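Text of structure_13.cif (mmCIF, C-alpha atoms and all ligand atoms) as supplied:
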data_target
#
loop_
_atom_site.label_atom_id
_atom_site.label_comp_id
_atom_site.auth_asym_id
_atom_site.auth_seq_id
_atom_site.Cartn_x
_atom_site.Cartn_y
_atom_site.Cartn_z
CA MET A 1 72.74 58.35 -74.05
CA PHE A 2 71.36 56.04 -76.69
CA GLY A 3 69.91 52.79 -75.41
CA PHE A 4 69.47 53.93 -71.82
CA LYS A 5 66.18 53.54 -70.06
CA LYS A 6 65.54 56.17 -67.46
CA LYS A 7 62.82 55.00 -65.16
CA ASN A 8 64.06 56.07 -61.77
CA LYS A 9 65.06 59.66 -61.06
CA GLY A 10 67.36 58.90 -58.18
CA LEU A 11 69.35 56.13 -59.82
CA PRO A 12 71.71 56.33 -62.79
CA PRO A 13 70.07 54.79 -65.87
CA VAL A 14 71.21 51.35 -66.95
CA ASP A 15 71.40 49.75 -70.38
CA GLU A 16 72.13 46.25 -71.67
CA ARG A 17 75.68 46.41 -70.35
CA LEU A 18 74.28 46.06 -66.84
CA SER A 19 71.47 43.59 -67.21
CA HIS A 20 72.32 41.25 -64.34
CA ILE A 21 73.37 42.34 -60.87
CA ALA A 22 74.09 40.02 -57.94
CA PHE A 23 74.21 40.80 -54.23
CA ILE A 24 76.06 39.07 -51.42
CA MET A 25 73.82 40.44 -48.69
CA ASP A 26 76.24 40.45 -45.77
CA GLY A 27 76.36 42.15 -42.38
CA ASN A 28 72.93 41.46 -40.91
CA GLY A 29 74.40 40.00 -37.72
CA ARG A 30 76.77 42.91 -37.16
CA TRP A 31 73.99 45.43 -37.81
CA ALA A 32 71.97 43.89 -35.00
CA GLN A 33 74.93 43.46 -32.67
CA ASN A 34 75.89 47.13 -33.16
CA LYS A 35 72.45 47.98 -31.82
CA GLY A 36 72.72 45.52 -28.94
CA LEU A 37 70.06 43.30 -30.51
CA PRO A 38 70.06 39.55 -31.19
CA ARG A 39 71.27 38.58 -34.67
CA GLU A 40 67.76 37.58 -35.75
CA TYR A 41 66.74 41.25 -35.78
CA GLY A 42 69.48 41.88 -38.29
CA HIS A 43 68.02 39.26 -40.60
CA LYS A 44 64.61 40.86 -40.29
CA ALA A 45 66.06 44.25 -41.22
CA GLY A 46 68.03 42.52 -43.99
CA ALA A 47 64.82 41.12 -45.44
CA GLU A 48 63.41 44.68 -45.58
CA ALA A 49 66.55 45.90 -47.35
CA PHE A 50 66.17 43.03 -49.79
CA ARG A 51 62.60 44.08 -50.67
CA ARG A 52 63.76 47.69 -51.11
CA VAL A 53 66.73 46.79 -53.32
CA ILE A 54 64.70 44.51 -55.59
CA ARG A 55 62.20 47.33 -56.12
CA LEU A 56 64.98 49.81 -56.88
CA CYS A 57 66.69 47.45 -59.33
CA GLY A 58 63.40 46.87 -61.14
CA ASP A 59 62.78 50.63 -61.34
CA ALA A 60 66.30 51.20 -62.65
CA GLY A 61 65.62 48.84 -65.55
CA ILE A 62 67.80 45.92 -64.44
CA LYS A 63 66.58 42.69 -66.03
CA ALA A 64 68.03 40.04 -63.73
CA ILE A 65 68.95 40.04 -60.04
CA THR A 66 70.58 37.31 -57.99
CA VAL A 67 70.73 37.42 -54.20
CA TYR A 68 72.71 35.21 -51.86
CA ALA A 69 70.19 34.40 -49.17
CA PHE A 70 71.62 31.28 -47.51
CA SER A 71 74.77 29.31 -48.27
CA THR A 72 75.47 25.59 -47.93
CA GLU A 73 77.83 26.63 -45.09
CA ASN A 74 75.24 28.73 -43.23
CA TRP A 75 73.69 25.55 -41.76
CA SER A 76 76.58 25.59 -39.28
CA ARG A 77 75.04 28.60 -37.51
CA PRO A 78 73.01 28.20 -34.29
CA GLU A 79 69.71 26.47 -34.91
CA ARG A 80 67.75 29.46 -33.67
CA GLU A 81 69.36 31.74 -36.25
CA VAL A 82 68.85 29.26 -39.09
CA ARG A 83 65.20 28.90 -38.10
CA ALA A 84 64.73 32.69 -38.07
CA ILE A 85 66.20 33.00 -41.57
CA MET A 86 64.01 30.17 -42.89
CA GLU A 87 60.92 31.79 -41.36
CA LEU A 88 61.73 35.08 -43.06
CA LEU A 89 62.13 33.28 -46.36
CA ASP A 90 58.84 31.51 -45.85
CA GLU A 91 57.14 34.83 -45.16
CA TYR A 92 58.72 36.39 -48.23
CA ILE A 93 57.60 33.53 -50.49
CA ARG A 94 54.02 33.81 -49.25
CA GLU A 95 54.06 37.55 -49.87
CA ALA A 96 55.59 37.06 -53.35
CA GLU A 97 52.77 34.71 -54.21
CA ARG A 98 50.16 37.26 -53.14
CA THR A 99 51.77 40.13 -55.05
CA ASP A 100 52.72 38.16 -58.15
CA GLU A 101 50.61 40.12 -60.62
CA GLU A 102 51.61 43.63 -59.56
CA ASN A 103 55.33 42.80 -59.23
CA GLY A 104 55.87 40.81 -62.40
CA ILE A 105 58.87 39.02 -60.89
CA ARG A 106 59.99 35.61 -62.07
CA TYR A 107 61.44 33.70 -59.13
CA VAL A 108 64.07 30.99 -59.49
CA PHE A 109 65.73 29.35 -56.49
CA LEU A 110 69.38 28.41 -56.96
CA GLY A 111 70.62 25.59 -54.75
CA ASP A 112 69.72 22.16 -53.47
CA LYS A 113 66.09 22.26 -52.39
CA GLN A 114 66.19 18.74 -50.97
CA ALA A 115 67.71 19.91 -47.69
CA LEU A 116 64.90 22.43 -47.11
CA ALA A 117 61.89 21.71 -44.93
CA PRO A 118 59.35 19.95 -47.22
CA ASP A 119 56.81 22.73 -46.72
CA LEU A 120 59.25 25.50 -47.66
CA ARG A 121 60.46 23.50 -50.62
CA ALA A 122 56.92 23.03 -51.91
CA LYS A 123 56.21 26.76 -51.56
CA ALA A 124 59.42 27.67 -53.37
CA GLU A 125 58.64 25.31 -56.22
CA HIS A 126 55.10 26.58 -56.46
CA LEU A 127 56.32 30.17 -56.67
CA GLU A 128 58.72 29.22 -59.47
CA THR A 129 55.90 27.65 -61.46
CA LEU A 130 53.44 30.46 -60.74
CA THR A 131 55.81 33.19 -61.93
CA ARG A 132 57.46 31.36 -64.83
CA GLU A 133 56.13 33.77 -67.48
CA ASN A 134 57.11 36.99 -65.66
CA LYS A 135 59.83 39.23 -67.02
CA LEU A 136 62.01 40.53 -64.17
CA LEU A 137 64.21 37.62 -63.11
CA LEU A 138 65.01 37.22 -59.42
CA ASN A 139 67.31 34.31 -58.55
CA ILE A 140 67.34 33.53 -54.85
CA ALA A 141 70.39 31.48 -53.87
CA LEU A 142 69.09 29.32 -51.04
CA ASN A 143 71.14 26.43 -49.70
CA TYR A 144 73.49 27.44 -52.47
CA GLY A 145 77.20 26.69 -52.80
CA GLY A 146 79.25 27.26 -55.92
CA ARG A 147 81.30 24.10 -55.46
CA ALA A 148 78.21 22.00 -54.79
CA GLU A 149 76.62 23.50 -57.90
CA ILE A 150 79.54 22.53 -60.15
CA THR A 151 79.77 19.07 -58.56
CA THR A 152 76.04 18.51 -59.08
CA ALA A 153 76.35 19.59 -62.70
CA VAL A 154 79.25 17.20 -63.33
CA ASN A 155 77.40 14.29 -61.73
CA GLN A 156 74.37 15.08 -63.85
CA LEU A 157 76.53 15.09 -66.99
CA ILE A 158 77.98 11.68 -66.04
CA LYS A 159 74.46 10.37 -65.50
CA GLU A 160 73.52 11.60 -68.97
CA GLY A 161 76.41 9.59 -70.41
CA TYR A 162 78.94 12.34 -71.13
CA THR A 163 82.56 11.15 -71.15
CA SER A 164 84.00 14.55 -72.02
CA VAL A 165 82.44 18.00 -71.57
CA THR A 166 82.72 21.53 -72.92
CA GLU A 167 82.34 24.75 -70.92
CA ALA A 168 78.92 25.15 -72.53
CA ASP A 169 77.89 21.69 -71.28
CA ILE A 170 78.82 22.63 -67.72
CA ALA A 171 77.13 26.05 -67.93
CA SER A 172 73.93 24.46 -69.21
CA HIS A 173 73.81 22.12 -66.19
CA LEU A 174 74.29 24.81 -63.54
CA TYR A 175 71.41 26.24 -61.50
CA THR A 176 71.79 29.40 -63.60
CA SER A 177 71.35 27.75 -67.01
CA HIS A 178 68.36 30.06 -67.68
CA CYS A 179 70.30 33.33 -67.46
CA ALA A 180 73.50 35.15 -68.41
CA ASP A 181 76.37 35.62 -65.96
CA PRO A 182 76.18 38.57 -63.56
CA ASP A 183 77.70 41.78 -64.92
CA LEU A 184 78.18 43.16 -61.42
CA ILE A 185 78.50 41.50 -58.00
CA VAL A 186 77.97 43.71 -54.95
CA ARG A 187 79.14 42.59 -51.51
CA THR A 188 78.33 44.58 -48.41
CA ALA A 189 79.78 44.61 -44.88
CA ASN A 190 83.47 45.09 -45.60
CA GLU A 191 84.20 41.51 -46.66
CA TYR A 192 86.27 40.95 -49.78
CA ARG A 193 85.53 37.36 -50.77
CA LEU A 194 83.07 35.26 -52.72
CA SER A 195 82.17 32.83 -49.91
CA ASN A 196 81.33 30.10 -52.45
CA PHE A 197 78.99 32.35 -54.48
CA LEU A 198 78.68 31.94 -58.26
CA LEU A 199 82.21 30.56 -58.63
CA TRP A 200 81.75 29.66 -62.28
CA GLN A 201 79.54 32.57 -63.28
CA ALA A 202 81.75 35.26 -61.69
CA ALA A 203 84.63 34.62 -64.11
CA TYR A 204 84.30 38.07 -65.71
CA SER A 205 81.96 39.89 -63.34
CA GLU A 206 82.84 43.32 -62.01
CA PHE A 207 82.89 43.69 -58.22
CA TYR A 208 81.68 46.44 -55.93
CA PHE A 209 82.56 46.19 -52.25
CA THR A 210 81.26 48.50 -49.56
CA PRO A 211 81.56 48.69 -45.76
CA THR A 212 77.82 49.44 -45.54
CA LEU A 213 76.00 46.67 -43.70
CA TRP A 214 73.25 45.05 -45.77
CA PRO A 215 70.28 46.37 -43.72
CA ASP A 216 71.54 49.91 -44.43
CA PHE A 217 71.96 49.36 -48.17
CA GLY A 218 69.64 51.55 -50.21
CA GLU A 219 69.17 53.82 -53.18
CA GLU A 220 72.24 55.98 -52.64
CA GLU A 221 74.58 53.03 -52.33
CA LEU A 222 73.01 51.20 -55.27
CA GLY A 223 73.54 54.35 -57.32
CA GLU A 224 77.21 54.33 -56.32
CA ALA A 225 77.56 50.69 -57.36
CA ILE A 226 75.97 51.42 -60.75
CA ARG A 227 78.15 54.50 -61.33
CA SER A 228 81.21 52.53 -60.35
CA PHE A 229 80.27 49.78 -62.82
CA TYR A 230 79.95 52.26 -65.69
CA ALA A 231 83.37 53.72 -64.91
CA ARG A 232 85.02 50.33 -65.53
CA LYS A 233 86.47 49.07 -68.78
CA ARG A 234 85.47 45.45 -69.33
CA LYS A 235 87.92 43.74 -71.61
CA PHE A 236 87.21 40.02 -71.24
CA GLY A 237 90.85 39.29 -71.87
CA GLY A 238 90.93 41.35 -75.07
CA LEU A 239 91.97 44.91 -75.72
CA ALA A 240 88.79 46.64 -76.81
CA ASP A 241 85.84 47.65 -74.64
CA ARG A 242 83.44 45.05 -75.94
CA LYS A 243 80.96 42.80 -74.22
CA LYS A 244 81.88 39.40 -75.65
C1 LIG A 301 74.30 37.82 -44.03
O1 LIG A 301 74.53 38.44 -42.82
C2 LIG A 301 73.07 36.93 -44.00
C3 LIG A 301 73.36 35.50 -44.06
C4 LIG A 301 74.55 34.96 -44.16
C5 LIG A 301 72.22 34.61 -44.02
P1 LIG A 301 75.38 37.73 -41.68
O2 LIG A 301 74.45 37.01 -40.79
O3 LIG A 301 76.48 36.92 -42.26
O4 LIG A 301 75.98 38.98 -40.93
P2 LIG A 301 77.41 39.10 -40.26
O5 LIG A 301 78.41 38.84 -41.35
O6 LIG A 301 77.49 38.08 -39.18
O7 LIG A 301 77.46 40.50 -39.76
C1 LIG A 302 77.82 34.78 -47.36
O1 LIG A 302 77.93 35.41 -46.15
C2 LIG A 302 76.49 34.09 -47.45
C3 LIG A 302 75.32 34.96 -47.57
C4 LIG A 302 75.35 36.26 -47.66
C5 LIG A 302 74.05 34.29 -47.61
P1 LIG A 302 78.64 34.72 -44.89
O2 LIG A 302 78.56 35.70 -43.78
O3 LIG A 302 78.07 33.38 -44.66
O4 LIG A 302 80.15 34.54 -45.40
P2 LIG A 302 81.49 34.43 -44.60
O5 LIG A 302 81.29 33.34 -43.58
O6 LIG A 302 81.75 35.74 -43.96
O7 LIG A 302 82.53 34.11 -45.62
MG MG A 303 78.40 37.37 -42.78
#
Mind turning this structure into structure tokens?
Ligand code: IPE
Ligand code: IPE
Ligand code: MG
Amino acid sequence: MFGFKKKNKGLPPVDERLSHIAFIMDGNGRWAQNKGLPREYGHKAGAEAFRRVIRLCGDAGIKAITVYAFSTENWSRPEREVRAIMELLDEYIREAERTDEENGIRYVFLGDKQALAPDLRAKAEHLETLTRENKLLLNIALNYGGRAEITTAVNQLIKEGYTSVTEADIASHLYTSHCADPDLIVRTANEYRLSNFLLWQAAYSEFYFTPTLWPDFGEEELGEAIRSFYARKRKFGGLADRKK
């Protein structure tokens, strides 16, 4: 079909209608528990799935990816689990720095970095600067909450002297001001909620839910999500099948 880019044999081709895909990577804990392992092993396997899925999305021709890595509410988990997740993120950031040139990924962290360990925060900021000119956008939502994001944006607007705001003013003060809203949001592990993810940006996103646990998510399932997206009719409140 006209406009499609076919780069990956196993995945359906995508075009500009599916330029941004977001993942709520859920089910790591259950994956480990099902195997009789501590939850931390699930996060390790989840990090591998994350690497795999980013590669697949890039091959499929997707231009922007957002992943939910750690929510503002996830701090309430046992310290040992939080530490394991932060260590995996640290490892990933170091690896991303090393492989910057071959991957061509532009990293942006969504969320309040102030609550992160100073060392992790510095590495995250460095990676953002290092990869600023790269083309494939990867947003990593880390210490991210949709409500906190909107509240932060509003406070910033007040600080800048606004007394009344438009939707565009709010959108331009969100963590995602550099990119378009997600066309598709995928959530794994049989949960049917947003859990404070992209509350503003998800206004007209399509959703794909699957019982598959995140560590088991791969090419076949991503293909299903893409096919499912292309079978939808997006109307944006209108009657015709148009984008905006
Ligand atoms: C998602 O997996 C990863 C994070 C929230 C960091 P979970 O750890 O929530 O896995 P379940 O939902 O307990 O199975
Ligand atoms: C959402 O998953 C957060 C991430 C995937 C990082 P949770 O497992 O924290 O969400 P709830 O608690 O089931 O809503
Ligand atoms: Mg969960």
(request) Select the residues contacting ligand MG 303 (chain A) at a distance of at most 9 Å, based on all atoms listed in the file, then format the selection as a ChimeraX atom specification. (result) /A:25-30,189,191
(request) Please write out the residues within 9 Å of ligand LIG 302 (chain A) as a PyMOL selection string, counting only C-alpha atoms and all ligand atoms. (result) chain A and resi 23-29+67-74+141-144+187-188+191-197
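Coordinates place atom CA of A:Gly42 at a distance of 11.4 Å from atom CA of A:Leu88.
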(message) Between atom CA of A:Ile226 and atom CA of A:Leu11, what distance in Å does the model show, to one decimal?
(response) 8.2 Å
(message) Taking 4 positions as the minimum chain separation for residues in the same chain, which residues sit within 10 Å of A:Ile93 when counting all atoms listed in the file? Answer as a ChimeraX atom specification.
(response) /A:87-89,97-99,107,120,123-124,126-127
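You can rank A:Tyr41, A:Phe236, A:Tyr162, A:Trp31 by their closest distance to ligand LIG 301 (chain A) using all atoms listed in the file, and at the top of that list sits A:Trp31.
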(request) For each of A:Gly46, A:Gly223, A:Gly10, A:Gly145, take the minimum atom-to-atom distance to ligand LIG 301 (chain A), counting all atoms listed in the file, then give the residue where this is smallest. (result) A:Gly46
What box, with edges along x, y and z, holds each listed atom of stretch 107-112 of chain A when 5 Å is added on every side, and can you state its centre and edge lengths in Å to one decimal, as JSON?
{"center_x": 66.0, "center_y": 27.9, "center_z": -56.5, "size_x": 19.2, "size_y": 21.5, "size_z": 16.0}
(message) What does the structure give for the distance between atom CA of A:Ile170 and atom CA of A:Ala153, in Å to one decimal?
(response) 6.4 Å
(message) Give me, as a ChimeraX atom specification, all polymer residues having an atom no more than 10 Å from A:Lys135, counting only C-alpha atoms and skipping those fewer than 2 positions away in the same chain.
(response) /A:63-64,103-107,131-133,137-138
(message) I'd like the neighbourhood of A:Glu206 as a PyMOL selection string, where a residue qualifies if any of its atoms comes within 9 Å (using only C-alpha atoms), though same-chain residues fewer than 4 positions away should be ignored.
(response) chain A and resi 182-186+202+229+232+234
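Using all atoms listed in the file, the residues found no farther than 12 Å from A:Cys179, other than those of its own chain fewer than 5 positions away, are Ser19, His20, Ile21, Lys63, Ala64, Ile65, Thr66, Arg106, Val108, Leu110, Leu136, Leu137, Leu138, Asn139, Ala171, Ser172, His173, Leu174 and Gln201 of chain A.
Distances here use only C-alpha atoms; by that measure, the residue among A:Gly36, A:Pro118, A:Pro215, A:Gly161 closest to A:Arg52 is A:Pro215.
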